[in-house]
Structure formats: structure tokens, C-alpha cells
$ cat entry-v9.txt   # compact mmCIF, C-alpha atoms and all ligand atoms
# COMPACT_ATOMS: atom_id res chain seq x y z
CA MET A 228 12.52 17.45 -2.94
CA TYR A 229 10.35 18.22 -5.98
CA LYS A 230 13.24 17.28 -8.26
CA THR A 231 13.91 14.03 -6.43
CA SER A 232 10.34 12.84 -6.53
CA LEU A 233 10.04 13.82 -10.19
CA GLY A 234 13.18 11.80 -10.93
CA ILE A 235 11.76 8.79 -9.13
CA LEU A 236 8.45 9.17 -10.95
CA LEU A 237 10.18 9.26 -14.31
CA ALA A 238 12.28 6.23 -13.38
CA ALA A 239 9.16 4.38 -12.25
CA ALA A 240 7.27 5.39 -15.38
CA ALA A 241 10.12 4.18 -17.59
CA LEU A 242 10.28 0.92 -15.69
CA LEU A 243 6.55 0.31 -15.94
CA SER A 244 6.28 1.23 -19.60
CA GLU A 245 9.18 -1.04 -20.40
CA PHE A 246 7.26 -3.82 -18.66
CA SER A 247 4.05 -3.23 -20.54
CA VAL A 248 5.73 -3.00 -23.93
CA THR A 249 8.13 -5.88 -23.76
CA HIS A 250 6.85 -8.53 -21.35
CA ALA A 251 3.78 -10.08 -19.84
CA ALA A 252 3.99 -10.80 -16.11
CA ASP A 253 4.68 -14.39 -15.09
CA LEU A 254 2.35 -15.40 -12.23
CA GLU A 255 4.12 -18.70 -11.54
CA ALA A 256 7.49 -16.95 -11.26
CA GLY A 257 5.85 -14.36 -9.00
CA LYS A 258 4.45 -17.09 -6.78
CA ALA A 259 7.87 -18.74 -6.51
CA LYS A 260 9.55 -15.45 -5.63
CA ALA A 261 6.82 -14.73 -3.07
CA GLU A 262 8.33 -17.47 -0.88
CA LEU A 263 10.61 -14.66 0.28
CA CYS A 264 7.58 -12.70 1.52
CA VAL A 265 5.47 -15.36 3.28
CA GLY A 266 7.27 -15.12 6.64
CA CYS A 267 6.13 -11.51 7.05
CA HIS A 268 3.21 -10.86 4.68
CA GLY A 269 1.56 -14.22 5.45
CA GLU A 270 0.28 -17.22 3.51
CA ASN A 271 -1.58 -16.11 0.38
CA GLY A 272 -0.63 -12.50 1.07
CA LEU A 273 -2.81 -12.34 4.20
CA SER A 274 -0.74 -10.81 6.99
CA GLN A 275 -1.17 -12.12 10.53
CA THR A 276 1.45 -9.75 11.88
CA GLU A 277 1.08 -6.35 13.45
CA ASN A 278 2.23 -3.42 11.31
CA ILE A 279 2.77 -5.60 8.24
CA PRO A 280 0.21 -5.01 5.49
CA SER A 281 -1.65 -7.74 3.64
CA LEU A 282 -0.73 -7.78 -0.05
CA ALA A 283 -3.53 -10.07 -1.29
CA GLY A 284 -5.69 -8.34 -3.87
CA GLN A 285 -3.59 -5.18 -3.64
CA GLN A 286 -3.31 -3.17 -6.87
CA ASP A 287 -0.58 -4.50 -9.18
CA GLN A 288 0.74 -1.05 -10.07
CA PHE A 289 0.67 0.14 -6.45
CA ILE A 290 2.76 -2.87 -5.37
CA GLN A 291 5.30 -2.32 -8.14
CA TRP A 292 5.62 1.37 -7.34
CA GLN A 293 6.11 0.76 -3.62
CA LEU A 294 8.86 -1.74 -4.38
CA VAL A 295 10.50 0.82 -6.65
CA PHE A 296 10.22 3.42 -3.86
CA PHE A 297 11.79 1.04 -1.33
CA ARG A 298 14.58 0.33 -3.79
CA ALA A 299 15.15 4.03 -4.46
CA GLY A 300 15.16 4.68 -0.69
CA THR A 301 12.33 7.25 -0.90
CA ARG A 302 10.23 4.82 1.17
CA LYS A 303 12.26 3.49 4.06
CA ASN A 304 11.69 0.36 6.09
CA GLU A 305 14.29 -1.77 7.83
CA ALA A 306 12.39 -5.02 7.32
CA MET A 307 11.91 -4.45 3.57
CA GLN A 308 15.46 -3.25 2.88
CA PRO A 309 17.25 -6.63 2.72
CA ILE A 310 14.37 -8.03 0.65
CA ILE A 311 14.33 -5.35 -1.97
CA GLU A 312 18.04 -5.85 -2.61
CA GLN A 313 17.20 -9.36 -3.83
CA LEU A 314 14.63 -8.26 -6.44
CA ASN A 315 15.22 -7.28 -10.06
CA ASN A 316 12.73 -5.48 -12.33
CA GLU A 317 11.26 -8.71 -13.60
CA ASP A 318 10.71 -10.00 -10.04
CA ILE A 319 8.92 -6.76 -9.17
CA ARG A 320 6.61 -7.08 -12.17
CA ASN A 321 5.85 -10.75 -11.43
CA LEU A 322 5.28 -10.13 -7.70
CA GLY A 323 2.86 -7.27 -8.44
CA ALA A 324 0.80 -9.47 -10.75
CA TYR A 325 0.91 -12.43 -8.36
CA PHE A 326 -0.26 -10.59 -5.22
CA ALA A 327 -2.90 -8.66 -7.20
CA SER A 328 -4.33 -12.00 -8.37
CA LEU A 329 -4.94 -13.28 -4.80
CA THR A 330 -8.26 -13.01 -2.95
CA PRO A 331 -8.29 -9.81 -0.83
CA PRO A 332 -8.52 -9.98 2.98
CA LYS A 333 -11.92 -10.40 4.64
CA ALA A 334 -12.95 -7.97 7.34
CA PRO A 335 -13.06 -9.30 10.91
CA PRO A 336 -16.40 -8.76 12.75
CA ASP A 337 -16.89 -5.11 13.62
CA ASP A 338 -16.42 -4.74 17.39
CA ASN A 339 -17.17 -1.01 17.36
CA PRO A 340 -19.86 0.00 14.83
CA GLU A 341 -20.08 3.46 16.38
CA LEU A 342 -16.43 4.14 15.53
CA SER A 343 -17.04 2.81 12.01
CA GLN A 344 -19.90 5.27 11.69
CA LYS A 345 -17.55 8.13 12.59
CA GLY A 346 -14.97 6.81 10.15
CA ALA A 347 -17.54 6.62 7.36
CA GLN A 348 -18.43 10.26 7.97
CA ALA A 349 -14.78 11.30 7.98
CA ALA A 350 -14.13 9.36 4.76
CA ALA A 351 -17.08 11.06 3.07
CA GLY A 352 -16.04 14.49 4.34
CA ARG A 353 -12.43 14.00 3.21
CA ARG A 354 -13.46 12.44 -0.10
CA CYS A 355 -11.23 9.39 0.29
CA ALA A 356 -13.31 7.47 -2.27
CA SER A 357 -12.62 10.07 -4.97
CA CYS A 358 -9.19 8.45 -5.40
CA HIS A 359 -9.52 5.06 -3.68
CA THR A 360 -12.81 4.23 -5.52
CA ASP A 361 -16.23 3.67 -3.90
CA SER A 362 -15.33 0.16 -2.75
CA TYR A 363 -11.88 1.33 -1.53
CA ALA A 364 -10.33 -1.38 -3.72
CA GLY A 365 -8.03 1.27 -5.20
CA THR A 366 -6.89 1.56 -8.80
CA LYS A 367 -3.49 1.61 -10.48
CA GLY A 368 -1.05 3.50 -8.22
CA VAL A 369 -3.78 4.18 -5.62
CA ALA A 370 -3.74 1.50 -2.90
CA ARG A 371 -6.50 -0.91 -1.97
CA ILE A 372 -7.32 0.12 1.60
CA ALA A 373 -10.53 -1.90 2.05
CA ASP A 374 -10.13 -4.49 4.84
CA GLN A 375 -6.43 -3.79 5.30
CA ARG A 376 -5.13 -4.38 8.85
CA GLU A 377 -6.45 -1.64 11.13
CA GLU A 378 -3.20 -0.85 12.98
CA TYR A 379 -1.29 -0.73 9.69
CA LEU A 380 -3.79 1.82 8.29
CA VAL A 381 -3.24 3.92 11.43
CA LYS A 382 0.53 3.66 10.97
CA ALA A 383 0.39 4.52 7.26
CA LEU A 384 -1.76 7.62 7.88
CA HIS A 385 0.60 8.80 10.64
CA ASP A 386 3.60 8.17 8.37
CA TYR A 387 2.07 10.39 5.66
CA LYS A 388 0.98 13.00 8.19
CA SER A 389 4.48 13.30 9.66
CA GLY A 390 6.13 13.28 6.24
CA GLN A 391 7.94 10.02 7.06
CA ARG A 392 6.29 8.56 3.95
CA VAL A 393 5.91 10.72 0.87
CA GLY A 394 4.28 8.54 -1.78
CA GLY A 395 4.43 8.85 -5.51
CA SER A 396 1.42 10.70 -6.86
CA GLN A 397 2.31 14.36 -6.36
CA ALA A 398 2.44 13.66 -2.62
CA ALA A 399 -1.37 13.24 -2.72
CA MET A 400 -1.50 11.44 0.62
CA THR A 401 0.77 13.87 2.43
CA ASP A 402 -1.72 16.64 1.64
CA VAL A 403 -4.67 14.44 2.57
CA ALA A 404 -3.22 13.20 5.87
CA TYR A 405 -1.72 16.44 7.13
CA PRO A 406 -4.98 17.94 8.49
CA LEU A 407 -6.32 14.66 9.95
CA SER A 408 -6.61 14.57 13.74
CA ASN A 409 -5.56 11.47 15.67
CA GLU A 410 -9.22 10.76 16.38
CA GLU A 411 -10.10 10.96 12.70
CA ILE A 412 -7.23 8.60 11.85
CA GLU A 413 -8.45 6.05 14.45
CA ALA A 414 -12.00 6.25 13.09
CA LEU A 415 -10.98 6.08 9.42
CA ALA A 416 -8.74 3.07 10.02
CA HIS A 417 -11.43 1.26 11.98
CA TYR A 418 -14.04 1.93 9.29
CA LEU A 419 -11.78 0.90 6.39
CA ALA A 420 -10.60 -2.27 8.18
CA HIS A 421 -14.23 -3.42 8.61
CA LEU A 422 -15.85 -2.83 5.22
C1 LIG B 501 11.09 -9.26 7.31
C2 LIG B 501 9.70 -8.96 7.03
C3 LIG B 501 9.32 -8.68 5.59
C4 LIG B 501 9.57 -9.47 4.48
C5 LIG B 501 10.32 -10.78 4.41
C6 LIG B 501 8.89 -8.79 3.37
N1 LIG B 501 8.27 -7.65 3.79
FE1 LIG B 501 7.23 -6.34 2.64
N2 LIG B 501 6.89 -5.16 4.27
C7 LIG B 501 7.32 -5.43 5.55
C8 LIG B 501 6.90 -4.37 6.43
C9 LIG B 501 7.16 -4.26 7.92
C10 LIG B 501 6.18 -3.44 5.63
C11 LIG B 501 5.51 -2.13 6.08
C12 LIG B 501 6.46 -1.00 5.83
C13 LIG B 501 5.96 0.31 6.41
O1 LIG B 501 5.41 0.32 7.50
O2 LIG B 501 6.11 1.31 5.72
C14 LIG B 501 6.20 -3.97 4.27
C15 LIG B 501 5.62 -3.34 3.19
C16 LIG B 501 5.57 -3.87 1.92
C17 LIG B 501 4.90 -3.26 0.79
C18 LIG B 501 4.08 -1.97 0.83
C19 LIG B 501 2.63 -2.36 0.97
C20 LIG B 501 1.70 -1.24 1.34
O3 LIG B 501 0.50 -1.54 1.49
O4 LIG B 501 2.12 -0.11 1.50
C21 LIG B 501 5.06 -4.08 -0.28
C22 LIG B 501 4.53 -3.87 -1.69
C23 LIG B 501 5.85 -5.20 0.16
N3 LIG B 501 6.15 -5.04 1.50
C24 LIG B 501 6.21 -6.26 -0.64
C25 LIG B 501 6.99 -7.33 -0.22
C26 LIG B 501 7.38 -8.43 -1.08
C27 LIG B 501 6.96 -8.55 -2.54
C28 LIG B 501 8.14 -9.27 -0.33
C29 LIG B 501 8.82 -10.55 -0.77
C30 LIG B 501 9.62 -10.46 -2.00
C31 LIG B 501 8.22 -8.70 1.01
N4 LIG B 501 7.51 -7.54 1.03
C32 LIG B 501 8.90 -9.27 2.08
C33 LIG B 501 8.03 -6.53 5.96
C34 LIG B 501 8.50 -7.54 5.14
C1 LIG B 502 -5.98 12.69 -4.32
C2 LIG B 502 -6.12 11.25 -4.27
C3 LIG B 502 -6.26 10.60 -2.90
C4 LIG B 502 -7.14 10.90 -1.89
C5 LIG B 502 -8.21 11.99 -1.85
C6 LIG B 502 -6.88 9.95 -0.84
N1 LIG B 502 -5.87 9.09 -1.20
FE1 LIG B 502 -5.04 7.64 -0.01
N2 LIG B 502 -3.68 7.23 -1.45
C7 LIG B 502 -3.60 7.87 -2.68
C8 LIG B 502 -2.42 7.38 -3.38
C9 LIG B 502 -1.96 7.82 -4.77
C10 LIG B 502 -1.80 6.44 -2.53
C11 LIG B 502 -0.48 5.73 -2.76
C12 LIG B 502 0.57 6.70 -2.29
C13 LIG B 502 1.94 6.13 -2.17
O1 LIG B 502 2.53 5.79 -3.20
O2 LIG B 502 2.44 6.02 -1.02
C14 LIG B 502 -2.62 6.37 -1.33
C15 LIG B 502 -2.32 5.56 -0.24
C16 LIG B 502 -3.07 5.49 0.91
C17 LIG B 502 -2.78 4.63 2.04
C18 LIG B 502 -1.59 3.68 2.17
C19 LIG B 502 -2.05 2.28 1.87
C20 LIG B 502 -0.96 1.27 1.97
O3 LIG B 502 -1.28 0.08 1.79
O4 LIG B 502 0.19 1.58 2.23
C21 LIG B 502 -3.77 4.84 2.96
C22 LIG B 502 -3.92 4.16 4.31
C23 LIG B 502 -4.68 5.82 2.41
N3 LIG B 502 -4.22 6.20 1.16
C24 LIG B 502 -5.84 6.27 3.04
C25 LIG B 502 -6.60 7.34 2.58
C26 LIG B 502 -7.68 7.92 3.35
C27 LIG B 502 -8.16 7.45 4.70
C28 LIG B 502 -8.16 8.98 2.61
C29 LIG B 502 -9.20 10.00 2.99
C30 LIG B 502 -8.95 10.65 4.29
C31 LIG B 502 -7.38 9.01 1.37
N4 LIG B 502 -6.46 8.00 1.41
C32 LIG B 502 -7.57 9.93 0.38
C33 LIG B 502 -4.46 8.82 -3.16
C34 LIG B 502 -5.46 9.46 -2.45
$ encode --input "entry-v9.txt" --output "C-alpha cells" --more "lines below"
Ligand code: HEC
Ligand code: HEC
Amino acid sequence: MYKTSLGILLAAAALLSEFSVTHAADLEAGKAKAELCVGCHGENGLSQTENIPSLAGQQDQFIQWQLVFFRAGTRKNEAMQPIIEQLNNEDIRNLGAYFASLTPPKAPPDDNPELSQKGAQAAAGRRCASCHTDSYAGTKGVARIADQREEYLVKALHDYKSGQRVGGSQAAMTDVAYPLSNEEIEALAHYLAHL
């Protein structure tokens, strides 16, 4: 497993460095290609659909890496599979830049401030901000998690915890999620979805 993820990392690194050396991303081309995504990820990258993440304002590099992981099959999802087969490296670069340029989601009103309080404590105790940044906007390969859909955050944390999703950065999230209780996951997701 170590070898596989190292191979993927090297492939992703090569891909990304090729991008940065030889091309600048094309936002207009990214926007055109994003027509393929609207039906699931929503208008302007704001998902209205359960278990589908918003992509608006997501980190460019994170988006590109996830697409590379889907393509490599190290991240598996039936809905994304037929899509990823239609994307080349240039599309991936343009889509990352396009979605990153959109206005991030706005939090819905907090219907359970007490749960948010618990989530804030868990986030502080688990040092989530040490990687995701103080505003939880993320950076580079670390995802924006601020104001993401609550049920998707729950799903993502369970997917890491169970090992269903491995991630790219030395399996950082697998280690983080493994010790989280279901209650902590509920509280963290509620807090992060209502920042
Ligand atoms: C048929 C529905 C569908 C379409 C069309 C679709 N996606 Fe997705 N996408 C999903 C689902 C469902 C997930 C969540 C996967 C999971 O739970 O792991 C996802 C996840 C992602 C992720 C990971 C985001 C994260 O926060 O982890 C990225 C990036 C992504 N999609 C990009 C795209 C792009 C770019 C397009 C268009 C070129 C696209 N998707 C089209 C359903 C779709
Ligand atoms: C050591 C650094 C680190 C720490 C600490 C960390 N994360 Fe992450 N997190 C990452 C990285 C890197 C990714 C992207 C992983 C991947 O490629 O799947 C990520 C991804 C995620 C995702 C998936 C987002 C998406 O859109 O798919 C969620 C949710 C998440 N982290 C929540 C948390 C929470 C909650 C905590 C604290 C309990 C936390 N993280 C602590 C590095 C970290």
C-alpha cells in the first residue's frame, strides 16, 4: 500500500509540476468543461444534493489531486467514474482553477448551536486547524471544509475512518479520523458546516 500511494503521489507531483512549468490554467475553458459537473455539483459549484460536495471556493490543488485519485482508482466513486474518464490533464487543471475561483458556500442558519459548541471543542482538541487553517478554508492539497455540506462532511470522515478513502498526504486524514467517535464526527461536521 505504501508503494502504491507513493507511486500515485509521484505521478500527481509530476502532473502538477508539468502544469506549473508549461501552462497557465484557462478559466473560460474550465467553466465550459464544468457543464459536465453542474447536474451533480450544482450551479456555480454550490451543491444542492445530499452526499455531493460543493466545489465552489475549494482549493485548486485539492481539486486537481482528487481528480487524479479518482482517475487512478485510489479514490472510488461510482458517480465520478464515468466523468473522470472524459477528462484529460488540461481539463483537470482548468477545472481546479475554475472551481477555486468561485465564491465559497454560505453557511445555513445554525439550528443547533450547542452541537456546534461541542464540535468547536473537538476541532480544537484534535487540532484540525493546524492543517486546514484557522478559517478552515484549507490550503494547497488540504481541503476547504468550512461551510461544506454537513452530511457530506460526516460521510467523508466515516470514509477516512473506515479506510474506504485514503487521501494523498501520507494518509494524514486516515490517522486523524481513526480515533474519532461517531458523536465527535456528528459534532465536528455540524460545527464546520455552520462557520
Ligand atoms: C453524476 C454525479 C456527478 C457528476 C456529473 C460529477 N460529480 Fe464530482 N462527485 C460526485 C459525488 C457523488 C462525489 C462524492 C464522492 C465521495 O463521496 O467520495 C463527487 C466528488 C467530487 C470531488 C471531490 C470533492 C471533495 O470535496 O472531496 C471532485 C473534485 C469532483 N467531484 C469534481 C467533479 C468535476 C470537476 C465534475 C465535472 C467535470 C464532476 N465532479 C461531476 C458526483 C458527481
Ligand atoms: C495533518 C494534517 C491534517 C489534520 C490535522 C486534519 N486534516 Fe483533514 N485533511 C487533510 C488533508 C491533506 C486532506 C485531503 C486528503 C485527501 O486527499 O483525501 C484532508 C481532508 C479532509 C476532509 C475531506 C474534505 C473533502 O472535501 O473531501 C475532511 C472532512 C477533513 N479533512 C476534516 C478534518 C477534521 C474534522 C479534522 C480534525 C478532526 C482534520 N481534518 C484534521 C489534512 C489534515
$ closest_residue --input "entry-v9.txt" --among "A:Thr301, A:Ser362, A:Gln375, A:Ser328" --to "A:Asp253" --atoms "only C-alpha atoms"
A:Ser328
$ axis_aligned_box --input "entry-v9.txt" --around "ligand LIG 502 (chain B)" --padding-each-side "5 Å" --output "JSON"
{"center_x": -3.3, "center_y": 6.4, "center_z": 0.0, "size_x": 21.7, "size_y": 22.6, "size_z": 19.5}
$ closest_residue --input "entry-v9.txt" --among "A:His385, A:Arg320, A:Lys303, A:His417" --to "A:Ala261" --atoms "all atoms listed in the file"
A:Arg320
$ atom_distance --input "entry-v9.txt" --atom1 "atom CA of A:Glu255" --atom2 "atom CA of A:Ala306"
24.7 Å
$ residues_near_ligand --input "entry-v9.txt" --ligand "ligand LIG 502 (chain B)" --cutoff "7 Å" --atoms "only C-alpha atoms and all ligand atoms" --output "ChimeraX atom specification"
/A:280,289,292-293,349-350,353-359,368-372,380,383-384,392-396,399-400,403-404,415-416
$ residues_near_ligand --input "entry-v9.txt" --ligand "ligand LIG 501 (chain B)" --cutoff "7 Å" --atoms "only C-alpha atoms and all ligand atoms" --output "MDAnalysis selection string"
chainID A and resid 260:268 278:282 290:291 293:294 303:304 306:307 310:311 322 370 382:383
